[in-house]
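These notes concern the structure reproduced below.
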Amino acid sequence: MVCTALLSFFSAAGHAGQFPLWEAGAGVAAINFPDYRGSNERQSYLLPVPYIVYRGDFLKMEDQRVRGLFYRSDKAEIDVSINGSVPVKSQDNQARQGMPDLDPTLEIGPSLNFFLHRSSDKKTKLDLRLPLRAVIATDFSHVKDVGWIFQPNLNVDIKDPLGYRGWKLGLLAGPVFADRRYHQYIYGVDAAYATADRPAYTARGGYAGNQFVAALSKRYPGFWVGSFVKWDTLNGAVFDDSPLIKTKQYFTAGIAVSWVISRSSTMVEADD
């Protein structure tokens, strides 16, 4: 998923200090990834990357997440999880030739996050995140509910890894689960689109593989740089026998840079 990749850039631990109430900027990311999970055909994209930070007492927008919107304590929080994907033109994908296009999707829903560990020097933290997102597919002329995704994961954030001051390392790992509707939308083959090499297929809901992400970033006074790599495996997924699955494991990688264009003159105590 595109948003998963982009958000991987911003996984980072912080330190306390005085920072602007808000910051805004923009940048660009270069990412290479498959048409869909399990496709052996890949695309490279140059995508805009917004940089938005708001450090309010109640509402916080940082690390490209909306935090503390519903509930927050020293042990857990409930925030908003957002993800999505780009469209896939079936005429440009050999496995999907003759099938309907895949519309871009928006995934949105709550995430219950538990703070499992904070190091005494505040440089390392371990969280368990439990995001549950509804998935909407749209080509902007229609909107279709195509199911839900549950993506529990362990997230480790490390500041100054191996003594490299200013750098931030984020590591994330966890399984993916989705319902039958979502799997059918991506991996199902209706009888009308079956061929000799692509038999009809009805997908089931359940386990959808594992993802492992590593992201490295650094904030400079006027700009930010980051990169990530993700390993995705579909081994054991409930749809791994779909004729649309052409590879069961692959890597995705990208690099991004954002410039801070404007910032608030009001300073607040926060982590960064």
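Lettering and numbering for the structure tokens are positional, with chains as A, B, ... in the shown order, residues counted from 1 in each chain, and ligands counted from 1 in the shown order.
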
Can you tell me, as a list in words, what residues are no more than 6 Å from stretch 29-31 of chain A when counting only C-alpha atoms, ignoring any on the same chain fewer than 4 positions away?
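Using only C-alpha atoms, the neighbours found are Ser44, Tyr45, Leu46, Leu47, Ala253, Gly254, Ile255 and Ala256 of chain A.
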
Using N, CA and C atoms, can you write the selected residues to a file as a short mmCIF file (atom, residue, chain, number, x, y, z; two decimals), in the first residue's frame?
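After the write, selection-v6.cif holds the following:
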data_model
loop_
_atom_site.label_atom_id
_atom_site.label_comp_id
_atom_site.auth_asym_id
_atom_site.auth_seq_id
_atom_site.Cartn_x
_atom_site.Cartn_y
_atom_site.Cartn_z
N SER A 44 7.20 2.54 -10.53
CA SER A 44 7.95 3.55 -9.78
C SER A 44 7.16 4.85 -9.80
N TYR A 45 7.06 5.49 -8.65
CA TYR A 45 6.27 6.71 -8.53
C TYR A 45 7.11 7.81 -7.91
N LEU A 46 6.85 9.03 -8.35
CA LEU A 46 7.38 10.23 -7.72
C LEU A 46 6.16 10.94 -7.14
N LEU A 47 6.04 10.92 -5.80
CA LEU A 47 4.82 11.36 -5.14
C LEU A 47 5.07 12.57 -4.25
N ALA A 253 10.91 -0.28 -1.60
CA ALA A 253 11.86 0.68 -1.04
C ALA A 253 11.54 2.07 -1.55
N GLY A 254 12.02 3.07 -0.80
CA GLY A 254 11.80 4.45 -1.23
C GLY A 254 12.65 5.42 -0.45
N ILE A 255 12.69 6.65 -0.94
CA ILE A 255 13.44 7.73 -0.31
C ILE A 255 12.64 9.01 -0.47
N ALA A 256 12.73 9.91 0.52
CA ALA A 256 11.93 11.14 0.49
C ALA A 256 12.70 12.29 1.11
#

Would you pick out the contacts of A:Ala196 at 12 Å or less, using only C-alpha atoms, so that residues sharing its chain but fewer than 4 positions from it are not included, and give the list as JSON, numbers by chain?
{"A": [191, 200, 243]}

Between atom CA of A:Asp232 and atom CA of A:Gln151, what distance in Å does the model show, to one decimal?
13.1 Å

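Distance check against A:Phe19 using only C-alpha atoms: of A:Val80, A:Tyr54, A:Val49, A:Phe33, the minimum falls on A:Tyr54.
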
I'd like the interatomic distance between atom CA of A:Leu244 and atom CA of A:Asp145, to a tenth of an Å.
21.4 Å

Please give the complete set of residues from stretch 79-228 of chain A that DSSP, run on the backbone, assigns to strand (DSSP E), formatted as an MDAnalysis selection string.
chainID A and resid 79:85 105:118 124:138 143:150 153:159 167:178 206:219 223:228

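DSSP, applied to the backbone of this structure, assigns alpha helix (DSSP H) to the following residues of stretch 48-256 of chain A: A:Arg180, A:Arg181, A:Tyr182, A:His183, A:Gln184, A:Tyr185, A:Ile186, A:Tyr187.
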
Save out the residues we just selected, N, CA and C atoms, as a PDB file, in the first residue's frame.
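So part_5.pdb came out as:
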ATOM      1  N   ARG A 180     -13.564 -11.120   3.691  1.00  0.00           N
ATOM      2  CA  ARG A 180     -13.744 -11.745   2.383  1.00  0.00           C
ATOM      3  C   ARG A 180     -13.937 -10.704   1.286  1.00  0.00           C
ATOM      4  N   ARG A 181     -14.692  -9.635   1.572  1.00  0.00           N
ATOM      5  CA  ARG A 181     -14.981  -8.629   0.542  1.00  0.00           C
ATOM      6  C   ARG A 181     -13.708  -7.986   0.024  1.00  0.00           C
ATOM      7  N   TYR A 182     -12.799  -7.660   0.939  1.00  0.00           N
ATOM      8  CA  TYR A 182     -11.560  -7.011   0.501  1.00  0.00           C
ATOM      9  C   TYR A 182     -10.708  -7.968  -0.326  1.00  0.00           C
ATOM     10  N   HIS A 183     -10.558  -9.192   0.156  1.00  0.00           N
ATOM     11  CA  HIS A 183      -9.760 -10.160  -0.591  1.00  0.00           C
ATOM     12  C   HIS A 183     -10.385 -10.468  -1.946  1.00  0.00           C
ATOM     13  N   GLN A 184     -11.714 -10.532  -2.005  1.00  0.00           N
ATOM     14  CA  GLN A 184     -12.377 -10.776  -3.274  1.00  0.00           C
ATOM     15  C   GLN A 184     -12.164  -9.611  -4.239  1.00  0.00           C
ATOM     16  N   TYR A 185     -12.157  -8.392  -3.712  1.00  0.00           N
ATOM     17  CA  TYR A 185     -11.950  -7.204  -4.553  1.00  0.00           C
ATOM     18  C   TYR A 185     -10.574  -7.247  -5.220  1.00  0.00           C
ATOM     19  N   ILE A 186      -9.564  -7.671  -4.490  1.00  0.00           N
ATOM     20  CA  ILE A 186      -8.191  -7.685  -5.027  1.00  0.00           C
ATOM     21  C   ILE A 186      -7.883  -8.982  -5.766  1.00  0.00           C
ATOM     22  N   TYR A 187      -8.269 -10.114  -5.187  1.00  0.00           N
ATOM     23  CA  TYR A 187      -7.772 -11.403  -5.669  1.00  0.00           C
ATOM     24  C   TYR A 187      -8.837 -12.310  -6.287  1.00  0.00           C
TER      25      TYR A 187
END

Determine, counting only C-alpha atoms, which protein, DNA and RNA residues have an atom within 12 Å of an atom of A:Pro110; residues of the same chain fewer than 4 positions away are not included. Present the result as number ranges by chain.
A: 65-71, 77-83, 129-134, 148-152

Output file for the residues above (C-alpha atoms, as a short mmCIF file (atom, residue, chain, number, x, y, z; two decimals), in the first residue's frame):
data_model
loop_
_atom_site.label_atom_id
_atom_site.label_comp_id
_atom_site.auth_asym_id
_atom_site.auth_seq_id
_atom_site.Cartn_x
_atom_site.Cartn_y
_atom_site.Cartn_z
CA ARG A 65 -0.38 10.52 12.48
CA VAL A 66 -3.33 12.13 14.22
CA ARG A 67 -2.68 11.32 17.88
CA GLY A 68 -4.63 11.55 21.12
CA LEU A 69 -7.80 12.44 19.26
CA PHE A 70 -10.09 10.09 21.23
CA TYR A 71 -8.17 8.91 24.30
CA GLU A 77 -3.97 5.88 23.31
CA ILE A 78 -6.60 5.68 20.60
CA ASP A 79 -5.77 7.53 17.41
CA VAL A 80 -6.73 7.51 13.74
CA SER A 81 -5.09 5.09 11.29
CA ILE A 82 -5.05 5.99 7.59
CA ASN A 83 -3.79 4.00 4.62
CA ARG A 129 -0.56 -0.94 17.61
CA LEU A 130 -3.96 -2.42 16.74
CA PRO A 131 -5.42 -0.51 13.75
CA LEU A 132 -8.77 -1.55 12.30
CA ARG A 133 -9.63 0.27 9.05
CA ALA A 134 -12.65 0.32 6.76
CA TRP A 148 -12.00 -3.94 6.28
CA ILE A 149 -8.36 -4.57 7.26
CA PHE A 150 -6.90 -5.40 10.69
CA GLN A 151 -3.14 -4.89 10.88
CA PRO A 152 -1.70 -5.45 14.40
#
